[in-house]
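Source file: work-v6.pdb; contents: PDB, C-alpha atoms, pLDDT in the B column.
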ATOM      1  CA  MET Y   1      26.994 -37.854 -11.829  1.00 42.00           C
ATOM      2  CA  SER Y   2      26.079 -40.646 -14.243  1.00 41.00           C
ATOM      3  CA  ASP Y   3      22.642 -41.092 -15.774  1.00 43.00           C
ATOM      4  CA  GLY Y   4      22.024 -43.994 -13.438  1.00 42.00           C
ATOM      5  CA  GLN Y   5      22.779 -41.824 -10.416  1.00 44.00           C
ATOM      6  CA  ALA Y   6      20.817 -38.778 -11.551  1.00 47.00           C
ATOM      7  CA  ASN Y   7      18.393 -37.256  -9.129  1.00 53.00           C
ATOM      8  CA  PRO Y   8      14.827 -38.243 -10.141  1.00 46.00           C
ATOM      9  CA  ARG Y   9      13.954 -34.538 -10.253  1.00 50.00           C
ATOM     10  CA  THR Y  10      16.318 -34.033 -13.183  1.00 50.00           C
ATOM     11  CA  ARG Y  11      14.244 -36.499 -15.201  1.00 65.00           C
ATOM     12  CA  ASP Y  12      10.963 -34.773 -14.370  1.00 88.00           C
ATOM     13  CA  PRO Y  13      10.979 -31.177 -15.690  1.00 92.00           C
ATOM     14  CA  ASP Y  14       7.794 -30.151 -13.883  1.00 93.00           C
ATOM     15  CA  ARG Y  15       9.022 -31.412 -10.526  1.00 94.00           C
ATOM     16  CA  SER Y  16      12.403 -29.818 -11.076  1.00 95.00           C
ATOM     17  CA  ARG Y  17      10.840 -26.487 -11.948  1.00 97.00           C
ATOM     18  CA  GLU Y  18       8.610 -26.486  -8.867  1.00 97.00           C
ATOM     19  CA  ALA Y  19      11.474 -27.565  -6.614  1.00 98.00           C
ATOM     20  CA  ILE Y  20      13.594 -24.709  -7.944  1.00 98.00           C
ATOM     21  CA  LEU Y  21      10.792 -22.199  -7.414  1.00 98.00           C
ATOM     22  CA  ASP Y  22      10.237 -23.467  -3.855  1.00 98.00           C
ATOM     23  CA  ALA Y  23      13.936 -23.232  -3.060  1.00 98.00           C
ATOM     24  CA  ALA Y  24      14.268 -19.805  -4.647  1.00 98.00           C
ATOM     25  CA  GLU Y  25      11.284 -18.395  -2.765  1.00 98.00           C
ATOM     26  CA  SER Y  26      12.710 -19.685   0.507  1.00 98.00           C
ATOM     27  CA  LEU Y  27      16.224 -18.346  -0.092  1.00 98.00           C
ATOM     28  CA  PHE Y  28      15.094 -14.993  -1.468  1.00 97.00           C
ATOM     29  CA  ALA Y  29      12.920 -14.619   1.638  1.00 96.00           C
ATOM     30  CA  ASP Y  30      15.713 -15.559   4.049  1.00 96.00           C
ATOM     31  CA  ARG Y  31      18.716 -13.910   2.366  1.00 95.00           C
ATOM     32  CA  GLY Y  32      17.326 -11.398  -0.096  1.00 94.00           C
ATOM     33  CA  TYR Y  33      17.945 -11.195  -3.826  1.00 94.00           C
ATOM     34  CA  GLU Y  34      21.562 -10.052  -3.612  1.00 94.00           C
ATOM     35  CA  GLY Y  35      22.440 -12.646  -0.985  1.00 95.00           C
ATOM     36  CA  THR Y  36      21.191 -15.605  -3.016  1.00 97.00           C
ATOM     37  CA  SER Y  37      22.943 -17.399  -5.871  1.00 97.00           C
ATOM     38  CA  LEU Y  38      21.618 -19.770  -8.510  1.00 97.00           C
ATOM     39  CA  GLN Y  39      24.094 -22.371  -7.269  1.00 96.00           C
ATOM     40  CA  GLU Y  40      22.624 -22.223  -3.749  1.00 97.00           C
ATOM     41  CA  ILE Y  41      19.119 -22.468  -5.153  1.00 98.00           C
ATOM     42  CA  GLY Y  42      20.071 -25.526  -7.184  1.00 97.00           C
ATOM     43  CA  ARG Y  43      21.644 -27.169  -4.151  1.00 97.00           C
ATOM     44  CA  LEU Y  44      18.564 -26.609  -1.988  1.00 98.00           C
ATOM     45  CA  ALA Y  45      16.287 -27.800  -4.791  1.00 97.00           C
ATOM     46  CA  GLY Y  46      18.299 -30.977  -5.208  1.00 96.00           C
ATOM     47  CA  VAL Y  47      19.216 -30.326  -8.835  1.00 96.00           C
ATOM     48  CA  SER Y  48      22.489 -29.669 -10.633  1.00 93.00           C
ATOM     49  CA  ARG Y  49      24.050 -26.216 -10.362  1.00 90.00           C
ATOM     50  CA  GLY Y  50      23.150 -25.353 -13.958  1.00 93.00           C
ATOM     51  CA  THR Y  51      19.520 -26.438 -13.832  1.00 96.00           C
ATOM     52  CA  PRO Y  52      18.038 -23.190 -12.415  1.00 97.00           C
ATOM     53  CA  GLY Y  53      19.674 -21.235 -15.236  1.00 96.00           C
ATOM     54  CA  TYR Y  54      18.483 -23.778 -17.784  1.00 95.00           C
ATOM     55  CA  PHE Y  55      14.855 -23.322 -16.722  1.00 97.00           C
ATOM     56  CA  PHE Y  56      14.803 -19.599 -15.950  1.00 97.00           C
ATOM     57  CA  GLY Y  57      17.758 -18.084 -17.797  1.00 96.00           C
ATOM     58  CA  SER Y  58      19.071 -15.911 -14.981  1.00 96.00           C
ATOM     59  CA  LYS Y  59      18.583 -15.085 -11.333  1.00 96.00           C
ATOM     60  CA  GLU Y  60      16.433 -12.127 -12.345  1.00 95.00           C
ATOM     61  CA  GLY Y  61      14.297 -14.403 -14.500  1.00 96.00           C
ATOM     62  CA  LEU Y  62      13.905 -16.854 -11.635  1.00 97.00           C
ATOM     63  CA  TYR Y  63      12.996 -14.059  -9.242  1.00 96.00           C
ATOM     64  CA  GLY Y  64      10.288 -12.891 -11.627  1.00 95.00           C
ATOM     65  CA  ALA Y  65       8.989 -16.447 -11.910  1.00 97.00           C
ATOM     66  CA  VAL Y  66       8.805 -16.756  -8.117  1.00 97.00           C
ATOM     67  CA  LEU Y  67       6.709 -13.600  -7.941  1.00 96.00           C
ATOM     68  CA  ALA Y  68       4.542 -14.657 -10.882  1.00 96.00           C
ATOM     69  CA  ARG Y  69       3.766 -18.021  -9.278  1.00 97.00           C
ATOM     70  CA  ALA Y  70       2.882 -16.486  -5.925  1.00 96.00           C
ATOM     71  CA  PHE Y  71       0.702 -13.762  -7.411  1.00 96.00           C
ATOM     72  CA  ALA Y  72      -1.063 -16.293  -9.662  1.00 96.00           C
ATOM     73  CA  ALA Y  73      -1.848 -18.442  -6.624  1.00 95.00           C
ATOM     74  CA  GLU Y  74      -3.209 -15.400  -4.803  1.00 95.00           C
ATOM     75  CA  LEU Y  75      -5.419 -14.338  -7.712  1.00 94.00           C
ATOM     76  CA  ASP Y  76      -6.726 -17.882  -8.217  1.00 95.00           C
ATOM     77  CA  LEU Y  77      -7.597 -18.217  -4.536  1.00 95.00           C
ATOM     78  CA  VAL Y  78      -9.385 -14.864  -4.387  1.00 95.00           C
ATOM     79  CA  ALA Y  79     -11.212 -15.446  -7.676  1.00 94.00           C
ATOM     80  CA  GLY Y  80     -12.383 -18.872  -6.566  1.00 94.00           C
ATOM     81  CA  ALA Y  81     -13.652 -17.591  -3.233  1.00 95.00           C
ATOM     82  CA  ARG Y  82     -15.376 -14.678  -4.900  1.00 93.00           C
ATOM     83  CA  ALA Y  83     -17.062 -16.952  -7.457  1.00 93.00           C
ATOM     84  CA  ARG Y  84     -18.404 -19.234  -4.732  1.00 93.00           C
ATOM     85  CA  ALA Y  85     -19.679 -16.242  -2.789  1.00 94.00           C
ATOM     86  CA  THR Y  86     -21.453 -14.886  -5.866  1.00 89.00           C
ATOM     87  CA  GLU Y  87     -23.517 -18.074  -6.092  1.00 87.00           C
ATOM     88  CA  SER Y  88     -24.949 -17.626  -2.610  1.00 83.00           C
ATOM     89  CA  GLY Y  89     -24.755 -13.900  -1.907  1.00 91.00           C
ATOM     90  CA  GLY Y  90     -24.262 -10.398  -3.236  1.00 94.00           C
ATOM     91  CA  PRO Y  91     -21.388  -7.917  -3.298  1.00 96.00           C
ATOM     92  CA  GLU Y  92     -21.003  -7.953   0.496  1.00 96.00           C
ATOM     93  CA  ALA Y  93     -20.440 -11.702   0.403  1.00 96.00           C
ATOM     94  CA  GLU Y  94     -17.957 -11.253  -2.446  1.00 96.00           C
ATOM     95  CA  LEU Y  95     -15.998  -8.645  -0.514  1.00 97.00           C
ATOM     96  CA  ALA Y  96     -15.950 -10.827   2.595  1.00 97.00           C
ATOM     97  CA  ALA Y  97     -14.791 -13.834   0.588  1.00 96.00           C
ATOM     98  CA  ALA Y  98     -12.041 -11.872  -1.149  1.00 96.00           C
ATOM     99  CA  ILE Y  99     -10.726 -10.593   2.173  1.00 97.00           C
ATOM    100  CA  GLY Y 100     -10.882 -13.997   3.826  1.00 96.00           C
ATOM    101  CA  SER Y 101      -9.119 -15.750   0.971  1.00 96.00           C
ATOM    102  CA  PHE Y 102      -6.346 -13.149   0.959  1.00 96.00           C
ATOM    103  CA  VAL Y 103      -5.698 -13.761   4.659  1.00 96.00           C
ATOM    104  CA  ASP Y 104      -5.634 -17.503   3.964  1.00 95.00           C
ATOM    105  CA  PHE Y 105      -3.093 -16.961   1.197  1.00 96.00           C
ATOM    106  CA  LEU Y 106      -0.789 -14.919   3.422  1.00 96.00           C
ATOM    107  CA  ALA Y 107      -1.029 -17.414   6.274  1.00 94.00           C
ATOM    108  CA  ALA Y 108      -0.170 -20.268   3.905  1.00 94.00           C
ATOM    109  CA  ARG Y 109       2.787 -18.481   2.242  1.00 95.00           C
ATOM    110  CA  PRO Y 110       5.048 -17.158   5.038  1.00 93.00           C
ATOM    111  CA  THR Y 111       8.075 -17.246   2.732  1.00 95.00           C
ATOM    112  CA  PHE Y 112       6.345 -14.932   0.268  1.00 95.00           C
ATOM    113  CA  VAL Y 113       5.429 -12.544   3.082  1.00 95.00           C
ATOM    114  CA  ARG Y 114       9.062 -12.438   4.233  1.00 95.00           C
ATOM    115  CA  LEU Y 115      10.247 -11.941   0.659  1.00 95.00           C
ATOM    116  CA  VAL Y 116       8.019  -8.896   0.219  1.00 95.00           C
ATOM    117  CA  GLU Y 117       9.100  -7.492   3.581  1.00 94.00           C
ATOM    118  CA  ARG Y 118      12.731  -7.738   2.466  1.00 94.00           C
ATOM    119  CA  GLU Y 119      11.877  -5.981  -0.781  1.00 92.00           C
ATOM    120  CA  ALA Y 120      10.167  -3.168   1.105  1.00 93.00           C
ATOM    121  CA  LEU Y 121      13.259  -2.612   3.250  1.00 92.00           C
ATOM    122  CA  ALA Y 122      15.398  -2.518   0.097  1.00 90.00           C
ATOM    123  CA  GLY Y 123      13.218   0.109  -1.567  1.00 93.00           C
ATOM    124  CA  GLY Y 124      11.060  -2.242  -3.618  1.00 91.00           C
ATOM    125  CA  ALA Y 125      12.391  -1.258  -7.055  1.00 92.00           C
ATOM    126  CA  ARG Y 126      12.894  -4.838  -8.246  1.00 90.00           C
ATOM    127  CA  PHE Y 127       9.507  -5.848  -6.879  1.00 89.00           C
ATOM    128  CA  ARG Y 128       7.681  -2.970  -8.567  1.00 90.00           C
ATOM    129  CA  ALA Y 129       9.402  -3.731 -11.859  1.00 91.00           C
ATOM    130  CA  ALA Y 130       8.057  -7.286 -11.949  1.00 91.00           C
ATOM    131  CA  PRO Y 131       5.206  -7.585 -14.502  1.00 92.00           C
ATOM    132  CA  ALA Y 132       3.330  -9.935 -12.166  1.00 92.00           C
ATOM    133  CA  HIS Y 133       3.206  -7.250  -9.481  1.00 93.00           C
ATOM    134  CA  ALA Y 134       1.662  -4.626 -11.754  1.00 93.00           C
ATOM    135  CA  ALA Y 135      -0.836  -7.133 -13.152  1.00 93.00           C
ATOM    136  CA  THR Y 136      -1.893  -8.261  -9.678  1.00 94.00           C
ATOM    137  CA  MET Y 137      -2.352  -4.726  -8.407  1.00 95.00           C
ATOM    138  CA  ALA Y 138      -4.445  -3.876 -11.465  1.00 96.00           C
ATOM    139  CA  ALA Y 139      -6.573  -6.990 -10.977  1.00 95.00           C
ATOM    140  CA  GLY Y 140      -7.073  -6.247  -7.289  1.00 95.00           C
ATOM    141  CA  LEU Y 141      -8.078  -2.672  -8.008  1.00 97.00           C
ATOM    142  CA  ALA Y 142     -10.516  -3.754 -10.726  1.00 96.00           C
ATOM    143  CA  THR Y 143     -12.088  -6.335  -8.422  1.00 95.00           C
ATOM    144  CA  THR Y 144     -12.470  -3.805  -5.619  1.00 97.00           C
ATOM    145  CA  ALA Y 145     -14.011  -1.205  -7.921  1.00 97.00           C
ATOM    146  CA  ASP Y 146     -16.432  -3.752  -9.387  1.00 96.00           C
ATOM    147  CA  ILE Y 147     -17.657  -4.910  -5.981  1.00 96.00           C
ATOM    148  CA  LEU Y 148     -18.068  -1.349  -4.734  1.00 97.00           C
ATOM    149  CA  ALA Y 149     -20.007  -0.336  -7.849  1.00 97.00           C
ATOM    150  CA  ARG Y 150     -22.552  -3.137  -7.432  1.00 96.00           C
ATOM    151  CA  GLY Y 151     -23.046  -3.116  -3.693  1.00 95.00           C
ATOM    152  CA  PRO Y 152     -25.026  -1.088  -1.174  1.00 94.00           C
ATOM    153  CA  PHE Y 153     -21.938   0.907  -0.316  1.00 97.00           C
ATOM    154  CA  ARG Y 154     -21.179   4.557   0.223  1.00 96.00           C
ATOM    155  CA  PRO Y 155     -18.774   6.296  -2.180  1.00 96.00           C
ATOM    156  CA  VAL Y 156     -15.309   4.933  -1.466  1.00 97.00           C
ATOM    157  CA  ASP Y 157     -12.047   5.300  -3.374  1.00 98.00           C
ATOM    158  CA  PRO Y 158     -11.258   1.724  -4.533  1.00 98.00           C
ATOM    159  CA  ALA Y 159      -7.506   2.291  -4.280  1.00 98.00           C
ATOM    160  CA  GLN Y 160      -7.781   3.533  -0.702  1.00 98.00           C
ATOM    161  CA  LEU Y 161     -10.026   0.639   0.284  1.00 98.00           C
ATOM    162  CA  LEU Y 162      -7.679  -1.885  -1.303  1.00 98.00           C
ATOM    163  CA  LEU Y 163      -4.750  -0.343   0.552  1.00 97.00           C
ATOM    164  CA  ASP Y 164      -6.747  -0.561   3.797  1.00 97.00           C
ATOM    165  CA  VAL Y 165      -7.497  -4.237   3.196  1.00 97.00           C
ATOM    166  CA  LEU Y 166      -3.876  -5.001   2.325  1.00 97.00           C
ATOM    167  CA  ALA Y 167      -2.684  -3.372   5.535  1.00 96.00           C
ATOM    168  CA  LEU Y 168      -5.304  -4.994   7.761  1.00 97.00           C
ATOM    169  CA  CYS Y 169      -4.588  -8.442   6.356  1.00 96.00           C
ATOM    170  CA  TRP Y 170      -0.844  -8.195   5.835  1.00 96.00           C
ATOM    171  CA  PHE Y 171       0.473  -6.568   8.998  1.00 94.00           C
ATOM    172  CA  PRO Y 172      -0.724  -9.147  11.565  1.00 93.00           C
ATOM    173  CA  ILE Y 173       0.675 -12.004   9.461  1.00 92.00           C
ATOM    174  CA  ALA Y 174       3.995 -10.316   8.684  1.00 93.00           C
ATOM    175  CA  HIS Y 175       4.461  -9.241  12.293  1.00 92.00           C
ATOM    176  CA  ALA Y 176       2.847 -12.168  14.045  1.00 89.00           C
ATOM    177  CA  THR Y 177       5.931 -12.880  16.144  1.00 87.00           C
ATOM    178  CA  THR Y 178       6.490  -9.263  17.171  1.00 90.00           C
ATOM    179  CA  PHE Y 179       3.427  -7.062  17.557  1.00 93.00           C
ATOM    180  CA  ALA Y 180       0.816  -9.822  17.693  1.00 91.00           C
ATOM    181  CA  ARG Y 181       2.646 -11.661  20.457  1.00 92.00           C
ATOM    182  CA  GLY Y 182       3.293  -8.356  22.173  1.00 92.00           C
ATOM    183  CA  LEU Y 183      -0.466  -7.887  22.406  1.00 93.00           C
ATOM    184  CA  GLY Y 184      -0.911 -11.268  24.016  1.00 93.00           C
ATOM    185  CA  LEU Y 185      -2.171 -12.956  20.850  1.00 92.00           C
ATOM    186  CA  ASP Y 186      -1.016 -16.390  19.754  1.00 91.00           C
ATOM    187  CA  PRO Y 187      -0.307 -16.319  16.002  1.00 90.00           C
ATOM    188  CA  GLU Y 188       0.220 -20.072  16.027  1.00 89.00           C
ATOM    189  CA  GLY Y 189      -3.108 -20.737  17.710  1.00 88.00           C
ATOM    190  CA  ALA Y 190      -5.719 -22.701  15.820  1.00 82.00           C
ATOM    191  CA  ASP Y 191      -8.158 -19.798  15.723  1.00 94.00           C
ATOM    192  CA  PHE Y 192      -5.787 -16.888  15.058  1.00 94.00           C
ATOM    193  CA  VAL Y 193      -6.323 -16.728  11.295  1.00 94.00           C
ATOM    194  CA  GLU Y 194     -10.084 -17.300  11.464  1.00 96.00           C
ATOM    195  CA  THR Y 195     -10.487 -14.674  14.181  1.00 96.00           C
ATOM    196  CA  ARG Y 196      -8.465 -12.208  12.159  1.00 96.00           C
ATOM    197  CA  LYS Y 197     -10.555 -12.855   9.054  1.00 96.00           C
ATOM    198  CA  ARG Y 198     -13.818 -12.257  10.902  1.00 97.00           C
ATOM    199  CA  HIS Y 199     -12.502  -9.071  12.472  1.00 97.00           C
ATOM    200  CA  VAL Y 200     -11.225  -7.558   9.227  1.00 98.00           C
ATOM    201  CA  VAL Y 201     -14.374  -8.477   7.290  1.00 98.00           C
ATOM    202  CA  GLU Y 202     -16.621  -6.931   9.934  1.00 98.00           C
ATOM    203  CA  LEU Y 203     -14.478  -3.807  10.174  1.00 98.00           C
ATOM    204  CA  VAL Y 204     -14.382  -3.275   6.405  1.00 98.00           C
ATOM    205  CA  LEU Y 205     -18.072  -3.960   5.805  1.00 97.00           C
ATOM    206  CA  ARG Y 206     -19.096  -1.568   8.563  1.00 97.00           C
ATOM    207  CA  GLY Y 207     -16.841   1.058   7.046  1.00 97.00           C
ATOM    208  CA  VAL Y 208     -18.197   0.857   3.502  1.00 98.00           C
ATOM    209  CA  ARG Y 209     -21.902   0.222   4.046  1.00 96.00           C
ATOM    210  CA  ASN Y 210     -24.190   3.017   2.948  1.00 89.00           C
ATOM    211  CA  GLY Y 211     -25.777   4.162   6.190  1.00 73.00           C
TER     212      GLY Y 211
END
Could you rewrite the structure in this file as structure tokens?
Amino acid sequence: MSDGQANPRTRDPDRSREAILDAAESLFADRGYEGTSLQEIGRLAGVSRGTPGYFFGSKEGLYGAVLARAFAAELDLVAGARARATESGGPEAELAAAIGSFVDFLAARPTFVRLVEREALAGGARFRAAPAHAATMAAGLATTADILARGPFRPVDPAQLLLDVLALCWFPIAHATTFARGLGLDPEGADFVETRKRHVVELVLRGVRNG
């Protein structure tokens, strides 16, 4: 392909990088790590076959970058919601905001949810080895412990509470088309996510309140 025929993305590094990350997240979610090649990612992203390797070095490097981007988006969303809640309320409001923003993140990133589900079925070794995963878990645990320490809450193990929240938020989104529909719920309905957020927040707050 001549310079005059080059895809505009190849002349815009930031756009190319984001397009590659989008394509990689989608293919890793649909086919798994082993079933995805850099060439296929480049094709879906609309860039040359060598561009993914140029930006990320290897498939493993690209996979780590996909996870890092998703986890960074999650942390930013939760931190922003928590900061806004702090301005108008106390630790209960912070906890509610953190939970709600996490549900929003999952609902907005179905490819990431599918990617993690695939990793779980494969044993999760590659996922656990990603630095972004360890950093995000540590940040989530620190946030949970901080909120619990400052609020009117009974003694609760932060790790257990965080695991509870992850399960309550994750499962209905990951299994929206199976278990949720089997219960007569409409995961594509306009109020599904908001209803789920309210339910989880109420359930968690009732469980941790002191008295």
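The residues returned by the PyMOL selection byres ((chain Y and resi 144-156) around 9) on the shown structure are Gly90, Pro91, Glu92, Glu94, Leu95, Ala139, Gly140, Leu141, Ala142, Thr143, Asp157, Pro158, Ala159, Gln160, Leu161, Leu162, Leu205, Gly207, Val208, Arg209, Asn210 and Gly211 of chain Y.
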Which polymer residues have any atom within 10 Å of an atom of Cys169 (chain Y), counting all atoms listed in the file, with same-chain residues fewer than 5 positions away left out, as an MDAnalysis selection string? chainID Y and resid 99:100 102:104 106:107 163:164 174 193 196:197 200:201
Could you tell me which of Y:Ala73, Y:Phe56, Y:Ala122, Y:Ala85 comes closest to Glu34 (chain Y) if we count only C-alpha atoms?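 For Glu34 (chain Y), the nearest of the given residues is Y:Ala122.
Nearest-residue note for Glu202 (chain Y): choosing from Y:Leu168, Y:Ala81, Y:Arg43, Y:Lys59, the minimum distance belongs to Y:Leu168, counting only C-alpha atoms.
What separates CA of Val66 (chain Y) from CA of Val165 (chain Y) is a distance of 23.5 Å.
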For CA of Arg69 (chain Y) and CA of Asp22 (chain Y), determine how far apart the two atoms are, in Å to one decimal place.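 Separation of CA of Arg69 (chain Y) and CA of Asp22 (chain Y): 10.0 Å.
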Just the residues within 9 Å of Leu115 (chain Y), please, counting all atoms listed in the file, with nothing from its chain fewer than 4 positions along; format it as an NGL selection string. :Y and (25-33 or 110-111 or 119-120)
Residues from the last selection, C-alpha atoms, saved as a CSV table (one decimal), in the frame of the given file:
chain,number,residue,atom,x,y,z
Y,25,GLU,CA,11.3,-18.4,-2.8
Y,26,SER,CA,12.7,-19.7,0.5
Y,27,LEU,CA,16.2,-18.3,-0.1
Y,28,PHE,CA,15.1,-15.0,-1.5
Y,29,ALA,CA,12.9,-14.6,1.6
Y,30,ASP,CA,15.7,-15.6,4.0
Y,31,ARG,CA,18.7,-13.9,2.4
Y,32,GLY,CA,17.3,-11.4,-0.1
Y,33,TYR,CA,17.9,-11.2,-3.8
Y,110,PRO,CA,5.0,-17.2,5.0
Y,111,THR,CA,8.1,-17.2,2.7
Y,119,GLU,CA,11.9,-6.0,-0.8
Y,120,ALA,CA,10.2,-3.2,1.1
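For the atom pair formed by CA of Glu18 (chain Y) and CA of Gly57 (chain Y), the distance is 15.3 Å, given to one decimal.
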When the PyMOL selection byres ((chain Y and resi 62) around 9) is applied to the file above, which residues end up in the set, as JSON, numbers by chain? {"Y": [20, 21, 24, 38, 52, 53, 55, 56, 57, 58, 59, 60, 61, 63, 64, 65, 66, 67]}
Top pick for closest residue to Ala83 (chain Y), considering Y:Gly184, Y:Ala96, Y:Gly124, Y:Phe192 and counting all atoms listed in the file: Y:Ala96
Box dimensions and centre (Å, one decimal) enclosing region 113-124 of chain Y, axis-aligned, 4 Å extra per side, as AutoDock Vina command-line options:
--center_x 10.4 --center_y -6.2 --center_z 0.3 --size_x 18.0 --size_y 20.7 --size_z 15.9
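Across Y:Ala125, Y:Ser16, Y:Arg114, Y:Ala132, the tightest approach to His175 (chain Y) is made by Y:Arg114 when counting all atoms listed in the file.
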Shortest interatomic distance to Phe71 (chain Y) - which of Y:Thr136, Y:Thr36, Y:Thr51, Y:Ser88, counting all atoms listed in the file: Y:Thr136
With all atoms listed in the file as the atoms that count, which of Y:Gly189, Y:Pro172, Y:Gly35, Y:Pro131 lies nearest to Ala68 (chain Y)?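 So, comparing all the options, the nearest one is Y:Pro131.
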With N, CA and C atoms as the target, complete region 87-105 of chain Y and hand it back as a PDB file, keeping the file's coordinate frame.
ATOM      1  N   GLU Y  87     -22.431 -17.109  -5.929  1.00 87.00           N
ATOM      2  CA  GLU Y  87     -23.517 -18.074  -6.092  1.00 87.00           C
ATOM      3  C   GLU Y  87     -24.518 -18.011  -4.950  1.00 87.00           C
ATOM      4  N   SER Y  88     -24.068 -17.594  -3.780  1.00 83.00           N
ATOM      5  CA  SER Y  88     -24.949 -17.626  -2.610  1.00 83.00           C
ATOM      6  C   SER Y  88     -25.210 -16.265  -1.993  1.00 83.00           C
ATOM      7  N   GLY Y  89     -24.585 -15.218  -2.504  1.00 91.00           N
ATOM      8  CA  GLY Y  89     -24.755 -13.900  -1.907  1.00 91.00           C
ATOM      9  C   GLY Y  89     -24.439 -12.797  -2.890  1.00 91.00           C
ATOM     10  N   GLY Y  90     -24.497 -11.562  -2.399  1.00 94.00           N
ATOM     11  CA  GLY Y  90     -24.262 -10.398  -3.236  1.00 94.00           C
ATOM     12  C   GLY Y  90     -22.868  -9.838  -3.053  1.00 94.00           C
ATOM     13  N   PRO Y  91     -22.701  -8.560  -3.383  1.00 96.00           N
ATOM     14  CA  PRO Y  91     -21.388  -7.917  -3.298  1.00 96.00           C
ATOM     15  C   PRO Y  91     -20.759  -7.957  -1.903  1.00 96.00           C
ATOM     16  N   GLU Y  92     -21.580  -7.875  -0.849  1.00 96.00           N
ATOM     17  CA  GLU Y  92     -21.003  -7.953   0.496  1.00 96.00           C
ATOM     18  C   GLU Y  92     -20.344  -9.309   0.717  1.00 96.00           C
ATOM     19  N   ALA Y  93     -21.006 -10.361   0.270  1.00 96.00           N
ATOM     20  CA  ALA Y  93     -20.440 -11.702   0.403  1.00 96.00           C
ATOM     21  C   ALA Y  93     -19.169 -11.838  -0.429  1.00 96.00           C
ATOM     22  N   GLU Y  94     -19.151 -11.225  -1.595  1.00 96.00           N
ATOM     23  CA  GLU Y  94     -17.957 -11.253  -2.446  1.00 96.00           C
ATOM     24  C   GLU Y  94     -16.785 -10.564  -1.761  1.00 96.00           C
ATOM     25  N   LEU Y  95     -17.056  -9.397  -1.183  1.00 97.00           N
ATOM     26  CA  LEU Y  95     -15.998  -8.645  -0.514  1.00 97.00           C
ATOM     27  C   LEU Y  95     -15.465  -9.432   0.676  1.00 97.00           C
ATOM     28  N   ALA Y  96     -16.362 -10.024   1.442  1.00 97.00           N
ATOM     29  CA  ALA Y  96     -15.950 -10.827   2.595  1.00 97.00           C
ATOM     30  C   ALA Y  96     -15.114 -12.021   2.156  1.00 97.00           C
ATOM     31  N   ALA Y  97     -15.525 -12.663   1.076  1.00 96.00           N
ATOM     32  CA  ALA Y  97     -14.791 -13.834   0.588  1.00 96.00           C
ATOM     33  C   ALA Y  97     -13.413 -13.450   0.068  1.00 96.00           C
ATOM     34  N   ALA Y  98     -13.329 -12.326  -0.626  1.00 96.00           N
ATOM     35  CA  ALA Y  98     -12.041 -11.872  -1.149  1.00 96.00           C
ATOM     36  C   ALA Y  98     -11.072 -11.572  -0.010  1.00 96.00           C
ATOM     37  N   ILE Y  99     -11.569 -10.913   1.018  1.00 97.00           N
ATOM     38  CA  ILE Y  99     -10.726 -10.593   2.173  1.00 97.00           C
ATOM     39  C   ILE Y  99     -10.271 -11.869   2.872  1.00 97.00           C
ATOM     40  N   GLY Y 100     -11.213 -12.759   3.131  1.00 96.00           N
ATOM     41  CA  GLY Y 100     -10.882 -13.997   3.826  1.00 96.00           C
ATOM     42  C   GLY Y 100      -9.877 -14.845   3.071  1.00 96.00           C
ATOM     43  N   SER Y 101     -10.041 -14.936   1.767  1.00 96.00           N
ATOM     44  CA  SER Y 101      -9.119 -15.750   0.971  1.00 96.00           C
ATOM     45  C   SER Y 101      -7.727 -15.124   0.913  1.00 96.00           C
ATOM     46  N   PHE Y 102      -7.648 -13.806   0.953  1.00 96.00           N
ATOM     47  CA  PHE Y 102      -6.346 -13.149   0.959  1.00 96.00           C
ATOM     48  C   PHE Y 102      -5.607 -13.435   2.262  1.00 96.00           C
ATOM     49  N   VAL Y 103      -6.321 -13.408   3.379  1.00 96.00           N
ATOM     50  CA  VAL Y 103      -5.698 -13.761   4.659  1.00 96.00           C
ATOM     51  C   VAL Y 103      -5.217 -15.210   4.629  1.00 96.00           C
ATOM     52  N   ASP Y 104      -6.035 -16.095   4.077  1.00 95.00           N
ATOM     53  CA  ASP Y 104      -5.634 -17.503   3.964  1.00 95.00           C
ATOM     54  C   ASP Y 104      -4.354 -17.648   3.144  1.00 95.00           C
ATOM     55  N   PHE Y 105      -4.284 -16.903   2.050  1.00 96.00           N
ATOM     56  CA  PHE Y 105      -3.093 -16.961   1.197  1.00 96.00           C
ATOM     57  C   PHE Y 105      -1.855 -16.531   1.969  1.00 96.00           C
TER      58      PHE Y 105
END
